[in-house]
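A short write-up of the structure that comes next.
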2 protein chains.
Amino acid sequence: MARHAGVSPSTVSYVLSGKRSISEETRRRVRASIRELGYRPHAGARALASSRSNVLALMIPLRSGIAVPVVMQFAVSVVTAARRHDHDVLLLTQEEGEDGLRRVADSALVDALIVMDVQMRDPRLPLLRSLDRPSVLIGFPADAGDLTCIDLDFHAAGAVCVQHLAGLGHREIALIGSPPEVYARQTGYAQRVADGFAAAVGAHGLAGEVHPCEATADAARALVARLLAERPGLTGVLVHNEPVVGPVVRALRAAGRRVPEDVSVVALCPDEMAEHAEPPLTSVAIPAEEVGGRAVELLMSKLDGVPVPAATLLPPTLTRRASSAPAPS
Amino acid sequence: MARHAGVSPSTVSYVLSGKRSISEETRRRVRASIRELGYRPHAGARALASSRSNVLALMIPLRSGIAVPVVMQFAVSVVTAARRHDHDVLLLTQEEGEDGLRRVADSALVDALIVMDVQMRDPRLPLLRSLDRPSVLIGFPADAGDLTCIDLDFHAAGAVCVQHLAGLGHREIALIGSPPEVYARQTGYAQRVADGFAAAVGAHGLAGEVHPCEATADAARALVARLLAERPGLTGVLVHNEPVVGPVVRALRAAGRRVPEDVSVVALCPDEMAEHAEPPLTSVAIPAEEVGGRAVELLMSKLDGVPVPAATLLPPTLTRRASSAPAPS
DNA sequence: GTGAAAGCGCTAACAC
DNA sequence: GTGTTAGCGCTTTCAC
């Protein structure tokens, strides 16, 4: 390659990296040779010489109770953002656990790591602290210490939904939440929504409790039936459980409740899902695209030695659609 | 590392790779040092010296009309299988296209490639042929040439569903298929199901046509309404479109048709989905786990220089559940 | 603005 | 059964 362009290897390297100034003429010749020969620098050699692999690890959750399409959105947005920064993404499954993270980090296969589905007391936290590579958590554990975390502000999200319903005059509401195992695992976001919900319920003087719900239509139907029977005054529901959003609405209707005339429904889910529901749902978006993108940006800053805030909480945005209305009088 | 164990670097390498015999004593000492020092070979150095990165590329589809959870199942099974063979997986999105494949292959970032969502005339085919690295397609293009392909035998899958319905005495049936854009792109599997369906309909002397359907509940409802209006004798439906399986069943019921007493429904979808539907659906499984695993095995064989068959078609398995019954008389 | 050369940390061919 | 050594193909100091 270098000889084809009539320059030294280092010059080729510098043309590619732009780390020192090159004469217009030389740059042109090198570029021409690159195109002609279809030259690509060898990733391994590069990683060895520069101790940068330009690869990020992304560990995605697999466990029951997680919404697969949502996870996929995160993954895609991470890959897309990484490519913008000339990085690739290595896919790890949660199953690999701490060993997987250690393996790819210590072997210098990756420069940095992103982990999703963070639990309150996550066993990966001490490991991530001990690694000499930067990492970003999508989600907040109970005690992050100085680990970098980013996520939607789920506490505020839960609260803003309650506030919306309270503003519409609803007095008795309920949260249909994630599957029980998600709470049992102490997965941060589920807990935080419940907390934000409860806090706002208290602040607004409403009645309202949290009901975990399996991610099946049957479970949703059963729960709705129970709620309607036990809480005749119920007029507002917040659903934070993607797969049962549809079933909940249908169960309400099957029980003779109109949405939104009799019962208002607010969802905490990706916008696209809320838009395409029947009826379109008032919702707080889970901004997978933005979270994934920002996670990568944070990592890039850290790799460049630029300090970043330890916590990034994205404020929730509630979009009003057809599923919520003033409480019936 | 080598000095800590009191051996030469090559000995460490050989202990790790097992490529030559090592005395029990030496192996023990080396292993002990590895553990003590927490030593991990540098992935880049290894790739450079051995021209093997032990990384596979997986390009996943993103385009509209594809069922995200199904794609995710493939991805997870590929990662899991790859790890069994001591390989990692680099995630590429379809958006990266041919350039992305070329980039990771030519830079030696990956040893081999897996591409999903293959179209009949896929622009990536010539590229894959030109690369000097092995690849496997999950799906079949119109003309695979000597490219290695694996997938469920969708033609047979379509046919076996028709056969099942014919055996139950149904005479008028319909295929509710993938979204129109999937056919328009000439995506292999959609076309093949339709072909297998049509062939079997002919062979059994039935009446039946193919109806593409958008992946929304609204579209499903509208299509079911139209079918019931235009085809009063319709008693059997094959659904090959994951997101609308539920909506189709509900639309039939809403129209006063019992499932399976009045209309039998057969689905072509992952088993898990069919099991959890209401009612549980007679279905032909999309064996994501097996396809992903086999794709990796094929790649490993090719990397080892072992020849593999160009085409692997997994035979369909129909599982009878509660949604199909003899045709009403 | 450019080149020469010393590694980066392994693997594998070649010794013995 | 083990050690020696020559690369693998880059990046980056150092020199000019």
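In the structure tokens, chains take the letters A, B, ... in the order shown, each chain's residues start at 1, and ligands count up from 1 in the order shown.
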
**OP:** Give as number ranges by chain every residue of chain A that touches chain D within 8 Å, counting only C-alpha atoms (C1' of nucleotides).
**Re:** A: 10, 13, 41-42, 45-46, 48-50

**OP:** Pull out every residue of chain B that has at least one atom within 8 Å of chain A, counting only C-alpha atoms, and report them as number ranges by chain.
**Re:** B: 40-48, 53, 68-69, 72, 76, 79-80, 88-93, 103, 106-109, 216, 276

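Checking B:Ile150, B:Leu113, B:Val291, B:Val78 one by one against Ser135 of chain B, counting only C-alpha atoms, you find the shortest gap at B:Leu113.
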
From a DSSP pass on the backbone, collect the residues of segment 84-326 of chain B flagged as helix (DSSP H, G or I) and hand them back as a PDB file with C-alpha atoms, in the first residue's frame.
```
ATOM      1  CA  ARG B  84     -20.131 -22.317  22.356  1.00  0.00           C
ATOM      2  CA  GLN B  94     -29.251  -3.857   7.473  1.00  0.00           C
ATOM      3  CA  GLU B  95     -28.841  -0.129   7.052  1.00  0.00           C
ATOM      4  CA  GLU B  96     -25.112  -0.591   6.737  1.00  0.00           C
ATOM      5  CA  GLY B  97     -25.719  -2.667   3.665  1.00  0.00           C
ATOM      6  CA  GLU B  98     -22.984  -4.007   1.461  1.00  0.00           C
ATOM      7  CA  ASP B  99     -20.456  -1.450   2.628  1.00  0.00           C
ATOM      8  CA  GLY B 100     -20.834  -2.619   6.174  1.00  0.00           C
ATOM      9  CA  LEU B 101     -20.226  -6.217   5.232  1.00  0.00           C
ATOM     10  CA  ARG B 102     -17.227  -5.291   3.166  1.00  0.00           C
ATOM     11  CA  ARG B 103     -15.806  -3.124   5.883  1.00  0.00           C
ATOM     12  CA  VAL B 104     -15.849  -5.739   8.626  1.00  0.00           C
ATOM     13  CA  ALA B 105     -14.710  -8.503   6.299  1.00  0.00           C
ATOM     14  CA  ASP B 106     -11.862  -6.640   4.596  1.00  0.00           C
ATOM     15  CA  ARG B 124     -25.579  -8.410  -0.975  1.00  0.00           C
ATOM     16  CA  LEU B 125     -25.160 -11.693  -2.813  1.00  0.00           C
ATOM     17  CA  PRO B 126     -22.504 -10.640  -5.315  1.00  0.00           C
ATOM     18  CA  LEU B 127     -20.604  -8.955  -2.531  1.00  0.00           C
ATOM     19  CA  LEU B 128     -20.687 -12.040  -0.304  1.00  0.00           C
ATOM     20  CA  ARG B 129     -19.434 -14.127  -3.195  1.00  0.00           C
ATOM     21  CA  SER B 130     -16.553 -11.742  -3.756  1.00  0.00           C
ATOM     22  CA  PHE B 154     -41.274 -22.292   4.040  1.00  0.00           C
ATOM     23  CA  HIS B 155     -42.699 -23.809   0.894  1.00  0.00           C
ATOM     24  CA  ALA B 156     -43.316 -27.080   2.700  1.00  0.00           C
ATOM     25  CA  ALA B 157     -44.563 -25.141   5.716  1.00  0.00           C
ATOM     26  CA  GLY B 158     -47.242 -23.434   3.665  1.00  0.00           C
ATOM     27  CA  ALA B 159     -48.190 -26.742   2.120  1.00  0.00           C
ATOM     28  CA  VAL B 160     -48.366 -28.679   5.362  1.00  0.00           C
ATOM     29  CA  CYS B 161     -50.796 -26.148   6.811  1.00  0.00           C
ATOM     30  CA  VAL B 162     -53.053 -26.521   3.793  1.00  0.00           C
ATOM     31  CA  GLN B 163     -52.788 -30.264   4.079  1.00  0.00           C
ATOM     32  CA  HIS B 164     -53.793 -30.116   7.717  1.00  0.00           C
ATOM     33  CA  LEU B 165     -56.863 -28.059   6.891  1.00  0.00           C
ATOM     34  CA  ALA B 166     -57.721 -30.231   3.899  1.00  0.00           C
ATOM     35  CA  GLY B 167     -57.468 -33.304   6.092  1.00  0.00           C
ATOM     36  CA  PRO B 180     -47.440  -6.002   1.135  1.00  0.00           C
ATOM     37  CA  GLU B 181     -44.005  -4.411   1.300  1.00  0.00           C
ATOM     38  CA  VAL B 182     -42.482  -7.723   2.269  1.00  0.00           C
ATOM     39  CA  TYR B 183     -43.791  -9.301  -0.923  1.00  0.00           C
ATOM     40  CA  ALA B 184     -42.842  -6.228  -2.900  1.00  0.00           C
ATOM     41  CA  GLY B 188     -37.864 -15.146   0.097  1.00  0.00           C
ATOM     42  CA  TYR B 189     -39.850 -16.629   2.931  1.00  0.00           C
ATOM     43  CA  ALA B 190     -43.055 -14.708   2.314  1.00  0.00           C
ATOM     44  CA  GLN B 191     -43.088 -15.691  -1.325  1.00  0.00           C
ATOM     45  CA  ARG B 192     -42.341 -19.315  -0.583  1.00  0.00           C
ATOM     46  CA  VAL B 193     -45.108 -19.693   1.920  1.00  0.00           C
ATOM     47  CA  ALA B 194     -47.507 -18.249  -0.618  1.00  0.00           C
ATOM     48  CA  ASP B 195     -46.207 -20.623  -3.278  1.00  0.00           C
ATOM     49  CA  GLY B 196     -46.423 -23.666  -1.027  1.00  0.00           C
ATOM     50  CA  PHE B 197     -49.894 -22.620  -0.006  1.00  0.00           C
ATOM     51  CA  ALA B 198     -51.025 -22.186  -3.605  1.00  0.00           C
ATOM     52  CA  ALA B 199     -49.486 -25.442  -4.740  1.00  0.00           C
ATOM     53  CA  ALA B 200     -51.144 -27.417  -1.969  1.00  0.00           C
ATOM     54  CA  VAL B 201     -54.455 -25.676  -2.516  1.00  0.00           C
ATOM     55  CA  GLY B 202     -54.281 -26.843  -6.120  1.00  0.00           C
ATOM     56  CA  ALA B 203     -53.154 -30.337  -5.249  1.00  0.00           C
ATOM     57  CA  ALA B 217     -54.873  -4.747  14.207  1.00  0.00           C
ATOM     58  CA  ASP B 218     -56.919  -2.420  12.037  1.00  0.00           C
ATOM     59  CA  ALA B 219     -55.698  -3.998   8.841  1.00  0.00           C
ATOM     60  CA  ALA B 220     -56.368  -7.446  10.246  1.00  0.00           C
ATOM     61  CA  ARG B 221     -59.915  -6.540  11.205  1.00  0.00           C
ATOM     62  CA  ALA B 222     -60.605  -5.006   7.820  1.00  0.00           C
ATOM     63  CA  LEU B 223     -59.196  -7.982   5.974  1.00  0.00           C
ATOM     64  CA  VAL B 224     -61.157 -10.484   8.044  1.00  0.00           C
ATOM     65  CA  ALA B 225     -64.347  -8.516   7.497  1.00  0.00           C
ATOM     66  CA  ARG B 226     -63.748  -8.468   3.771  1.00  0.00           C
ATOM     67  CA  LEU B 227     -62.944 -12.160   3.627  1.00  0.00           C
ATOM     68  CA  LEU B 228     -66.038 -13.142   5.550  1.00  0.00           C
ATOM     69  CA  ALA B 229     -68.198 -10.962   3.344  1.00  0.00           C
ATOM     70  CA  GLU B 230     -66.755 -12.125   0.056  1.00  0.00           C
ATOM     71  CA  GLU B 242     -46.894 -12.580  13.748  1.00  0.00           C
ATOM     72  CA  PRO B 243     -48.335  -9.258  14.889  1.00  0.00           C
ATOM     73  CA  VAL B 244     -51.802  -9.911  13.469  1.00  0.00           C
ATOM     74  CA  VAL B 245     -52.313 -13.443  14.733  1.00  0.00           C
ATOM     75  CA  GLY B 246     -54.189 -12.194  17.788  1.00  0.00           C
ATOM     76  CA  PRO B 247     -56.185  -9.554  15.944  1.00  0.00           C
ATOM     77  CA  VAL B 248     -57.313 -12.080  13.314  1.00  0.00           C
ATOM     78  CA  VAL B 249     -58.695 -14.442  15.918  1.00  0.00           C
ATOM     79  CA  ARG B 250     -60.441 -11.621  17.723  1.00  0.00           C
ATOM     80  CA  ALA B 251     -61.866 -10.245  14.491  1.00  0.00           C
ATOM     81  CA  LEU B 252     -63.295 -13.639  13.616  1.00  0.00           C
ATOM     82  CA  ARG B 253     -64.938 -13.846  16.998  1.00  0.00           C
ATOM     83  CA  ALA B 254     -66.197 -10.297  16.784  1.00  0.00           C
ATOM     84  CA  ASP B 271     -43.999 -21.970  19.008  1.00  0.00           C
ATOM     85  CA  GLU B 272     -43.978 -19.857  22.100  1.00  0.00           C
ATOM     86  CA  MET B 273     -46.339 -17.370  20.524  1.00  0.00           C
ATOM     87  CA  ALA B 274     -48.728 -20.094  19.367  1.00  0.00           C
ATOM     88  CA  GLU B 275     -48.787 -21.685  22.811  1.00  0.00           C
ATOM     89  CA  HIS B 276     -49.628 -18.487  24.592  1.00  0.00           C
ATOM     90  CA  ALA B 288     -35.263 -19.579  15.316  1.00  0.00           C
ATOM     91  CA  GLU B 289     -33.144 -21.353  17.875  1.00  0.00           C
ATOM     92  CA  GLU B 290     -32.280 -24.193  15.554  1.00  0.00           C
ATOM     93  CA  VAL B 291     -31.741 -22.027  12.509  1.00  0.00           C
ATOM     94  CA  GLY B 292     -29.404 -19.689  14.363  1.00  0.00           C
ATOM     95  CA  GLY B 293     -27.493 -22.557  15.898  1.00  0.00           C
ATOM     96  CA  ARG B 294     -27.145 -24.410  12.622  1.00  0.00           C
ATOM     97  CA  ALA B 295     -26.067 -21.265  10.813  1.00  0.00           C
ATOM     98  CA  VAL B 296     -23.181 -20.931  13.250  1.00  0.00           C
ATOM     99  CA  GLU B 297     -22.271 -24.603  12.897  1.00  0.00           C
ATOM    100  CA  LEU B 298     -22.159 -24.233   9.145  1.00  0.00           C
ATOM    101  CA  LEU B 299     -19.868 -21.263   9.472  1.00  0.00           C
ATOM    102  CA  MET B 300     -17.571 -23.099  11.851  1.00  0.00           C
ATOM    103  CA  SER B 301     -17.270 -25.977   9.429  1.00  0.00           C
ATOM    104  CA  LYS B 302     -16.451 -23.623   6.608  1.00  0.00           C
ATOM    105  CA  LEU B 303     -13.840 -21.876   8.732  1.00  0.00           C
TER     106      LEU B 303
END
```

Original post:
Mind pulling up the distance from atom CA of Lys19 of chain A to atom CA of Asn54 of chain A?
Top reply: 16.5 Å

Subject >> Atomic distance atom CA of Pro287 of chain A - atom CA of Val210 of chain A, expressed in Å with one decimal >> reply: 23.2 Å

Mind dumping a table of every chain C residue within 10 Å of chain A, with the nearest atom pair and its distance in Å to one decimal, using only C-alpha atoms (C1' of nucleotides), sorted by chain and rising number, as a tab-separated table?
```
residue	atom	partner	partner_atom	distance
C:DG1	C1'	A:Ile22	CA	6.3
C:DT2	C1'	A:Thr11	CA	7.2
C:DG3	C1'	A:Ser8	CA	6.2
C:DA4	C1'	A:Ser8	CA	8.8
C:DG7	C1'	A:Ala49	CA	8.1
C:DC8	C1'	A:Ala49	CA	4.5
C:DG9	C1'	A:Leu48	CA	7.3
C:DC10	C1'	A:Leu48	CA	9.4
```

**OP:** Name the residues of segment 17-256 of chain A that fall into strand (DSSP E or B) according to DSSP on the backbone, using the chain letters and numbers of this document, as a PyMOL selection string.
**Re:** chain A and resi 55-60+88-93+112-115+119+135-138+148-152+172-176+187+207-211+236-239

**OP:** Tell me which protein, DNA and RNA residues are within 6 Å of Val266 of chain B, counting only C-alpha atoms (C1' of nucleotides), leaving out same-chain ones fewer than 3 positions away, and put them as a ChimeraX atom specification.
**Re:** /B:238,282-283

Original post:
Which distance in Å separates atom CA of Ala142 of chain B and atom CA of Arg121 of chain B, to one decimal?
Top reply: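 It comes out at 6.1 Å.
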